[in-house]
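To start, the structure itself, in structure tokens.
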Amino acid sequence: MTETEFQALAEQTLNSIESALENASNDSDLDVECSRSGNVLEIEFVDNGSKVIVNSQAPMREMWVAARSGGFHYRNENGKWINTRDGSELFSALSRIVSEQGGIPLVLKA
């Protein structure tokens, strides 16, 4: 994958995450605010002030997630972002992370 292809895929992924969170916020009691600055998506949980940061790392061709539960790296494999350590998928992991930090069980879909 070229850097241009990676950046287009990363942008699409960040947009999908932001859209999924907006939909979850509209459909539940989840209160989050998303803000973007370039390749960084900051997700703030209004009720407790905690944050999750999702950003793309072009040199590594990875998406990185920083949350209370730790830092995670994802590489695109066969059209899915897969954790480089445990093999979990990005949106499944974000569902767990957002549920934990937001205090509301939910499933984010790409």
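Going through the structure tokens in order, the chains are called A, B, and so on, while each chain numbers its residues from 1 and the ligands are numbered from 1 in the order shown.
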**Message:** Excluding A:Ser95 and its own-chain neighbours fewer than 3 positions away, which residues fall within 7 Å of it when counting only C-alpha atoms? Please give them as a VMD selection string.
**Reply:** chain A and resid 91 to 92 98 to 99 106 to 108
Leaving out stretch 22-25 of chain A and any residue of its chain fewer than 3 positions from it, which residues lie within 10 Å of it when counting only C-alpha atoms, given as a JSON list (two decimals) with all heavy atoms, in the first residue's frame?
[["chain", "number", "residue", "atom", "x", "y", "z"],
["A", 16, "SER", "N", -15.34, 7.35, 9.58],
["A", 16, "SER", "CA", -16.29, 6.31, 9.98],
["A", 16, "SER", "C", -16.42, 6.23, 11.50],
["A", 16, "SER", "O", -17.52, 6.05, 12.02],
["A", 16, "SER", "CB", -15.84, 4.94, 9.44],
["A", 16, "SER", "OG", -15.92, 4.90, 8.05],
["A", 17, "ILE", "N", -15.30, 6.35, 12.20],
["A", 17, "ILE", "CA", -15.33, 6.31, 13.67],
["A", 17, "ILE", "C", -16.13, 7.49, 14.19],
["A", 17, "ILE", "O", -17.01, 7.34, 15.06],
["A", 17, "ILE", "CB", -13.91, 6.31, 14.26],
["A", 17, "ILE", "CG1", -13.18, 5.01, 13.90],
["A", 17, "ILE", "CG2", -13.94, 6.53, 15.77],
["A", 17, "ILE", "CD1", -11.69, 5.04, 14.16],
["A", 18, "GLU", "N", -15.85, 8.67, 13.67],
["A", 18, "GLU", "CA", -16.55, 9.88, 14.11],
["A", 18, "GLU", "C", -18.05, 9.76, 13.83],
["A", 18, "GLU", "O", -18.88, 10.07, 14.69],
["A", 18, "GLU", "CB", -15.96, 11.10, 13.41],
["A", 18, "GLU", "CG", -16.43, 12.41, 13.98],
["A", 18, "GLU", "CD", -15.64, 13.60, 13.46],
["A", 18, "GLU", "OE1", -14.85, 13.46, 12.50],
["A", 18, "GLU", "OE2", -15.83, 14.69, 14.02],
["A", 19, "SER", "N", -18.41, 9.28, 12.67],
["A", 19, "SER", "CA", -19.82, 9.11, 12.31],
["A", 19, "SER", "C", -20.49, 8.07, 13.21],
["A", 19, "SER", "O", -21.62, 8.28, 13.68],
["A", 19, "SER", "CB", -19.92, 8.68, 10.85],
["A", 19, "SER", "OG", -21.25, 8.48, 10.48],
["A", 28, "SER", "N", -28.39, 6.90, 22.03],
["A", 28, "SER", "CA", -28.23, 6.41, 23.41],
["A", 28, "SER", "C", -27.96, 7.58, 24.34],
["A", 28, "SER", "O", -28.01, 8.74, 23.94],
["A", 28, "SER", "CB", -27.07, 5.41, 23.47],
["A", 28, "SER", "OG", -25.83, 6.08, 23.31],
["A", 29, "ASP", "N", -27.62, 7.25, 25.59],
["A", 29, "ASP", "CA", -27.28, 8.28, 26.57],
["A", 29, "ASP", "C", -25.79, 8.63, 26.55],
["A", 29, "ASP", "O", -25.32, 9.38, 27.41],
["A", 29, "ASP", "CB", -27.67, 7.80, 27.98],
["A", 29, "ASP", "CG", -29.18, 7.72, 28.16],
["A", 29, "ASP", "OD1", -29.90, 8.49, 27.49],
["A", 29, "ASP", "OD2", -29.64, 6.89, 28.97],
["A", 30, "LEU", "N", -25.06, 8.09, 25.60],
["A", 30, "LEU", "CA", -23.64, 8.39, 25.48],
["A", 30, "LEU", "C", -23.46, 9.86, 25.15],
["A", 30, "LEU", "O", -24.06, 10.38, 24.22],
["A", 30, "LEU", "CB", -23.00, 7.54, 24.38],
["A", 30, "LEU", "CG", -21.50, 7.74, 24.16],
["A", 30, "LEU", "CD1", -20.72, 7.23, 25.37],
["A", 30, "LEU", "CD2", -21.05, 7.02, 22.90],
["A", 31, "ASP", "N", -22.63, 10.54, 25.95],
["A", 31, "ASP", "CA", -22.38, 11.96, 25.73],
["A", 31, "ASP", "C", -20.90, 12.15, 25.40],
["A", 31, "ASP", "O", -20.05, 12.15, 26.29],
["A", 31, "ASP", "CB", -22.76, 12.77, 26.96],
["A", 31, "ASP", "CG", -22.84, 14.26, 26.70],
["A", 31, "ASP", "OD1", -22.65, 14.69, 25.54],
["A", 31, "ASP", "OD2", -23.10, 15.01, 27.67],
["A", 32, "VAL", "N", -20.59, 12.21, 24.10],
["A", 32, "VAL", "CA", -19.21, 12.38, 23.65],
["A", 32, "VAL", "C", -19.11, 13.59, 22.73],
["A", 32, "VAL", "O", -20.08, 13.98, 22.08],
["A", 32, "VAL", "CB", -18.67, 11.14, 22.90],
["A", 32, "VAL", "CG1", -18.58, 9.95, 23.80],
["A", 32, "VAL", "CG2", -19.46, 10.86, 21.66],
["A", 33, "GLU", "N", -17.93, 14.16, 22.73],
["A", 33, "GLU", "CA", -17.61, 15.22, 21.79],
["A", 33, "GLU", "C", -16.38, 14.79, 21.02],
["A", 33, "GLU", "O", -15.38, 14.40, 21.61],
["A", 33, "GLU", "CB", -17.36, 16.54, 22.52],
["A", 33, "GLU", "CG", -18.60, 17.13, 23.13],
["A", 33, "GLU", "CD", -18.36, 18.49, 23.78],
["A", 33, "GLU", "OE1", -17.26, 19.05, 23.61],
["A", 33, "GLU", "OE2", -19.27, 18.95, 24.46],
["A", 34, "CYS", "N", -16.47, 14.85, 19.71],
["A", 34, "CYS", "CA", -15.34, 14.49, 18.85],
["A", 34, "CYS", "C", -14.75, 15.75, 18.24],
["A", 34, "CYS", "O", -15.49, 16.65, 17.84],
["A", 34, "CYS", "CB", -15.81, 13.57, 17.73],
["A", 34, "CYS", "SG", -16.41, 11.98, 18.30],
["A", 106, "LEU", "N", -22.29, -0.38, 24.09],
["A", 106, "LEU", "CA", -22.70, -0.12, 22.71],
["A", 106, "LEU", "C", -21.74, -0.77, 21.74],
["A", 106, "LEU", "O", -20.66, -1.19, 22.10],
["A", 106, "LEU", "CB", -22.80, 1.37, 22.43],
["A", 106, "LEU", "CG", -21.59, 2.26, 22.67],
["A", 106, "LEU", "CD1", -20.73, 2.35, 21.44],
["A", 106, "LEU", "CD2", -22.07, 3.64, 23.04],
["A", 107, "VAL", "N", -22.19, -0.89, 20.51],
["A", 107, "VAL", "CA", -21.40, -1.49, 19.45],
["A", 107, "VAL", "C", -21.24, -0.45, 18.35],
["A", 107, "VAL", "O", -22.24, 0.06, 17.83],
["A", 107, "VAL", "CB", -22.09, -2.76, 18.90],
["A", 107, "VAL", "CG1", -21.31, -3.31, 17.70],
["A", 107, "VAL", "CG2", -22.24, -3.81, 19.99],
["A", 108, "LEU", "N", -20.00, -0.14, 18.03],
["A", 108, "LEU", "CA", -19.71, 0.78, 16.92],
["A", 108, "LEU", "C", -19.50, -0.02, 15.67],
["A", 108, "LEU", "O", -18.83, -1.05, 15.67],
["A", 108, "LEU", "CB", -18.44, 1.59, 17.21],
["A", 108, "LEU", "CG", -18.50, 2.51, 18.43],
["A", 108, "LEU", "CD1", -17.13, 3.16, 18.63],
["A", 108, "LEU", "CD2", -19.57, 3.54, 18.27],
["A", 109, "LYS", "N", -20.11, 0.45, 14.57],
["A", 109, "LYS", "CA", -19.98, -0.25, 13.30],
["A", 109, "LYS", "C", -19.30, 0.64, 12.29],
["A", 109, "LYS", "O", -19.54, 1.85, 12.26],
["A", 109, "LYS", "CB", -21.36, -0.67, 12.80],
["A", 109, "LYS", "CG", -22.02, -1.66, 13.73],
["A", 109, "LYS", "CD", -23.36, -2.10, 13.24],
["A", 109, "LYS", "CE", -23.96, -3.04, 14.27],
["A", 109, "LYS", "NZ", -25.28, -3.45, 13.92]]
**Request:** Tell me, as a ChimeraX atom specification, which residues lie within 10 Å of A:Asn76, counting only C-alpha atoms; anything in the same chain fewer than 3 positions away does not count.
**Result:** /A:1,6,9-10,61-63,79-84,89-90
Filtering to N, CA, C and O atoms, could you give me those residues as a tab-separated table (two decimals), in the first residue's frame?
chain	number	residue	atom	x	y	z
A	1	MET	N	0.85	-1.17	0.00
A	1	MET	CA	0.00	0.00	0.00
A	1	MET	C	0.89	1.24	0.00
A	1	MET	O	1.82	1.33	0.80
A	6	PHE	N	-2.70	4.67	1.87
A	6	PHE	CA	-2.87	4.58	3.32
A	6	PHE	C	-3.59	5.81	3.86
A	6	PHE	O	-4.52	5.69	4.66
A	9	LEU	N	-7.27	5.71	3.13
A	9	LEU	CA	-7.94	4.71	3.96
A	9	LEU	C	-8.03	5.17	5.41
A	9	LEU	O	-9.07	5.01	6.06
A	10	ALA	N	-6.98	5.78	5.91
A	10	ALA	CA	-6.97	6.29	7.29
A	10	ALA	C	-8.01	7.40	7.45
A	10	ALA	O	-8.73	7.43	8.45
A	61	ARG	N	2.16	2.87	8.63
A	61	ARG	CA	0.95	2.38	7.98
A	61	ARG	C	0.02	1.74	9.01
A	61	ARG	O	-0.52	0.66	8.83
A	62	GLU	N	-0.14	2.45	10.14
A	62	GLU	CA	-0.96	1.95	11.25
A	62	GLU	C	-1.92	3.01	11.75
A	62	GLU	O	-1.69	4.21	11.58
A	63	MET	N	-2.97	2.55	12.41
A	63	MET	CA	-3.87	3.39	13.19
A	63	MET	C	-3.52	3.12	14.64
A	63	MET	O	-3.37	1.95	15.03
A	79	GLY	N	-8.55	-5.65	4.40
A	79	GLY	CA	-9.64	-4.69	4.52
A	79	GLY	C	-10.10	-4.40	5.93
A	79	GLY	O	-11.07	-3.67	6.12
A	80	LYS	N	-9.42	-4.95	6.94
A	80	LYS	CA	-9.78	-4.69	8.34
A	80	LYS	C	-8.54	-4.22	9.09
A	80	LYS	O	-7.43	-4.65	8.79
A	81	TRP	N	-8.78	-3.35	10.07
A	81	TRP	CA	-7.69	-2.89	10.92
A	81	TRP	C	-7.54	-3.89	12.07
A	81	TRP	O	-8.43	-4.04	12.89
A	82	ILE	N	-6.39	-4.58	12.12
A	82	ILE	CA	-6.16	-5.66	13.07
A	82	ILE	C	-5.05	-5.26	14.05
A	82	ILE	O	-3.99	-4.78	13.64
A	83	ASN	N	-5.31	-5.50	15.35
A	83	ASN	CA	-4.35	-5.20	16.40
A	83	ASN	C	-3.08	-6.03	16.18
A	83	ASN	O	-3.15	-7.24	15.98
A	84	THR	N	-1.95	-5.36	16.24
A	84	THR	CA	-0.67	-6.03	15.98
A	84	THR	C	-0.27	-6.98	17.10
A	84	THR	O	0.63	-7.80	16.91
A	89	GLU	N	-10.03	-6.62	16.14
A	89	GLU	CA	-10.38	-5.67	15.07
A	89	GLU	C	-10.66	-4.30	15.69
A	89	GLU	O	-11.19	-4.20	16.79
A	90	LEU	N	-10.31	-3.24	14.98
A	90	LEU	CA	-10.38	-1.87	15.49
A	90	LEU	C	-11.77	-1.50	16.00
A	90	LEU	O	-11.92	-1.01	17.12
**Message:** Just want the 9 Å neighbourhood of A:Gln101, counted on only C-alpha atoms, with same-chain residues fewer than 3 positions away dropped. Output as a list of chain:residue names.
**Reply:**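 Non-adjacent residues within range: A:Phe45, A:Asn48, A:Ser50, A:Lys51, A:Val52, A:Ala67, A:Arg68, A:Arg96, A:Ile97, A:Val98, A:Ile104.
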**Prompt:** Could you state the separation of atom CA of A:Val54 and atom CA of A:Val40 in Å, given to one decimal place?
**Reply:**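 Computed distance, atom CA of A:Val54 to atom CA of A:Val40, equals 5.9 Å.
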**Asked** From the set A:Leu41, A:Leu94, A:Gly71, A:Val65, which residue has the shortest atom-to-atom contact distance to A:Asn15, counting only C-alpha atoms?
**Response** A:Leu41
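Take atom CA of A:Gln12 and atom CA of A:Ala110: the distance between them is 9.8 Å.
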**Request:** Step one, run DSSP on the backbone; step two, keep only residues of chain A assigned to alpha helix (DSSP H); then write them as an MDAnalysis selection string.
**Result:** chainID A and resid 3:27 90:102
Restricted to N, CA and C atoms, what would the selected residues look like written as a tab-separated table (two decimals), in the first residue's frame?
chain	number	residue	atom	x	y	z
A	3	GLU	N	1.76	5.33	0.43
A	3	GLU	CA	1.41	6.28	1.48
A	3	GLU	C	0.11	7.01	1.14
A	4	THR	N	-0.09	7.34	-0.13
A	4	THR	CA	-1.32	8.00	-0.57
A	4	THR	C	-2.53	7.11	-0.32
A	5	GLU	N	-2.41	5.83	-0.66
A	5	GLU	CA	-3.50	4.89	-0.41
A	5	GLU	C	-3.78	4.75	1.08
A	6	PHE	N	-2.70	4.67	1.87
A	6	PHE	CA	-2.87	4.58	3.32
A	6	PHE	C	-3.59	5.81	3.86
A	7	GLN	N	-3.16	6.98	3.45
A	7	GLN	CA	-3.77	8.21	3.97
A	7	GLN	C	-5.25	8.30	3.61
A	8	ALA	N	-5.62	7.87	2.41
A	8	ALA	CA	-7.04	7.87	2.02
A	8	ALA	C	-7.83	6.89	2.88
A	9	LEU	N	-7.27	5.71	3.13
A	9	LEU	CA	-7.94	4.71	3.96
A	9	LEU	C	-8.03	5.17	5.41
A	10	ALA	N	-6.98	5.78	5.91
A	10	ALA	CA	-6.97	6.29	7.29
A	10	ALA	C	-8.01	7.40	7.45
A	11	GLU	N	-8.09	8.29	6.49
A	11	GLU	CA	-9.09	9.38	6.54
A	11	GLU	C	-10.49	8.80	6.55
A	12	GLN	N	-10.74	7.82	5.70
A	12	GLN	CA	-12.04	7.16	5.66
A	12	GLN	C	-12.35	6.50	7.00
A	13	THR	N	-11.36	5.87	7.60
A	13	THR	CA	-11.54	5.20	8.89
A	13	THR	C	-11.86	6.19	9.99
A	14	LEU	N	-11.11	7.29	10.06
A	14	LEU	CA	-11.38	8.32	11.07
A	14	LEU	C	-12.78	8.90	10.89
A	15	ASN	N	-13.18	9.15	9.64
A	15	ASN	CA	-14.54	9.65	9.38
A	15	ASN	C	-15.59	8.64	9.82
A	16	SER	N	-15.34	7.35	9.58
A	16	SER	CA	-16.29	6.31	9.98
A	16	SER	C	-16.42	6.23	11.50
A	17	ILE	N	-15.30	6.35	12.20
A	17	ILE	CA	-15.33	6.31	13.67
A	17	ILE	C	-16.13	7.49	14.19
A	18	GLU	N	-15.85	8.67	13.67
A	18	GLU	CA	-16.55	9.88	14.11
A	18	GLU	C	-18.05	9.76	13.83
A	19	SER	N	-18.41	9.28	12.67
A	19	SER	CA	-19.82	9.11	12.31
A	19	SER	C	-20.49	8.07	13.21
A	20	ALA	N	-19.81	6.96	13.47
A	20	ALA	CA	-20.37	5.92	14.35
A	20	ALA	C	-20.61	6.46	15.76
A	21	LEU	N	-19.69	7.28	16.25
A	21	LEU	CA	-19.86	7.87	17.58
A	21	LEU	C	-21.00	8.87	17.62
A	22	GLU	N	-21.14	9.66	16.56
A	22	GLU	CA	-22.26	10.60	16.49
A	22	GLU	C	-23.59	9.85	16.48
A	23	ASN	N	-23.67	8.76	15.71
A	23	ASN	CA	-24.88	7.95	15.69
A	23	ASN	C	-25.16	7.33	17.05
A	24	ALA	N	-24.13	6.81	17.70
A	24	ALA	CA	-24.29	6.20	19.02
A	24	ALA	C	-24.75	7.24	20.03
A	25	SER	N	-24.21	8.44	19.93
A	25	SER	CA	-24.59	9.52	20.85
A	25	SER	C	-26.05	9.93	20.64
A	26	ASN	N	-26.49	9.93	19.38
A	26	ASN	CA	-27.88	10.29	19.08
A	26	ASN	C	-28.86	9.20	19.51
A	27	ASP	N	-28.41	7.94	19.49
A	27	ASP	CA	-29.29	6.81	19.76
A	27	ASP	C	-29.21	6.29	21.19
A	90	LEU	N	-10.31	-3.24	14.98
A	90	LEU	CA	-10.38	-1.87	15.49
A	90	LEU	C	-11.77	-1.50	16.00
A	91	PHE	N	-12.83	-1.69	15.20
A	91	PHE	CA	-14.15	-1.25	15.63
A	91	PHE	C	-14.68	-2.07	16.80
A	92	SER	N	-14.32	-3.35	16.87
A	92	SER	CA	-14.70	-4.17	18.03
A	92	SER	C	-14.00	-3.65	19.28
A	93	ALA	N	-12.71	-3.36	19.14
A	93	ALA	CA	-11.95	-2.84	20.28
A	93	ALA	C	-12.49	-1.47	20.72
A	94	LEU	N	-12.79	-0.60	19.74
A	94	LEU	CA	-13.34	0.72	20.09
A	94	LEU	C	-14.70	0.59	20.77
A	95	SER	N	-15.50	-0.39	20.37
A	95	SER	CA	-16.79	-0.63	21.03
A	95	SER	C	-16.56	-0.93	22.51
A	96	ARG	N	-15.60	-1.80	22.79
A	96	ARG	CA	-15.28	-2.14	24.18
A	96	ARG	C	-14.74	-0.93	24.94
A	97	ILE	N	-13.81	-0.22	24.33
A	97	ILE	CA	-13.18	0.93	24.98
A	97	ILE	C	-14.22	2.02	25.27
A	98	VAL	N	-15.04	2.34	24.28
A	98	VAL	CA	-16.05	3.40	24.45
A	98	VAL	C	-17.09	2.97	25.49
A	99	SER	N	-17.46	1.70	25.49
A	99	SER	CA	-18.41	1.19	26.49
A	99	SER	C	-17.84	1.34	27.90
A	100	GLU	N	-16.55	0.98	28.06
A	100	GLU	CA	-15.90	1.10	29.35
A	100	GLU	C	-15.78	2.54	29.81
A	101	GLN	N	-15.25	3.39	28.95
A	101	GLN	CA	-15.03	4.79	29.35
A	101	GLN	C	-16.30	5.60	29.39
A	102	GLY	N	-17.27	5.26	28.55
A	102	GLY	CA	-18.53	6.00	28.52
A	102	GLY	C	-19.58	5.49	29.48
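Straight-line separation from atom CA of A:Pro59 to atom CA of A:Glu77: 16.5 Å.
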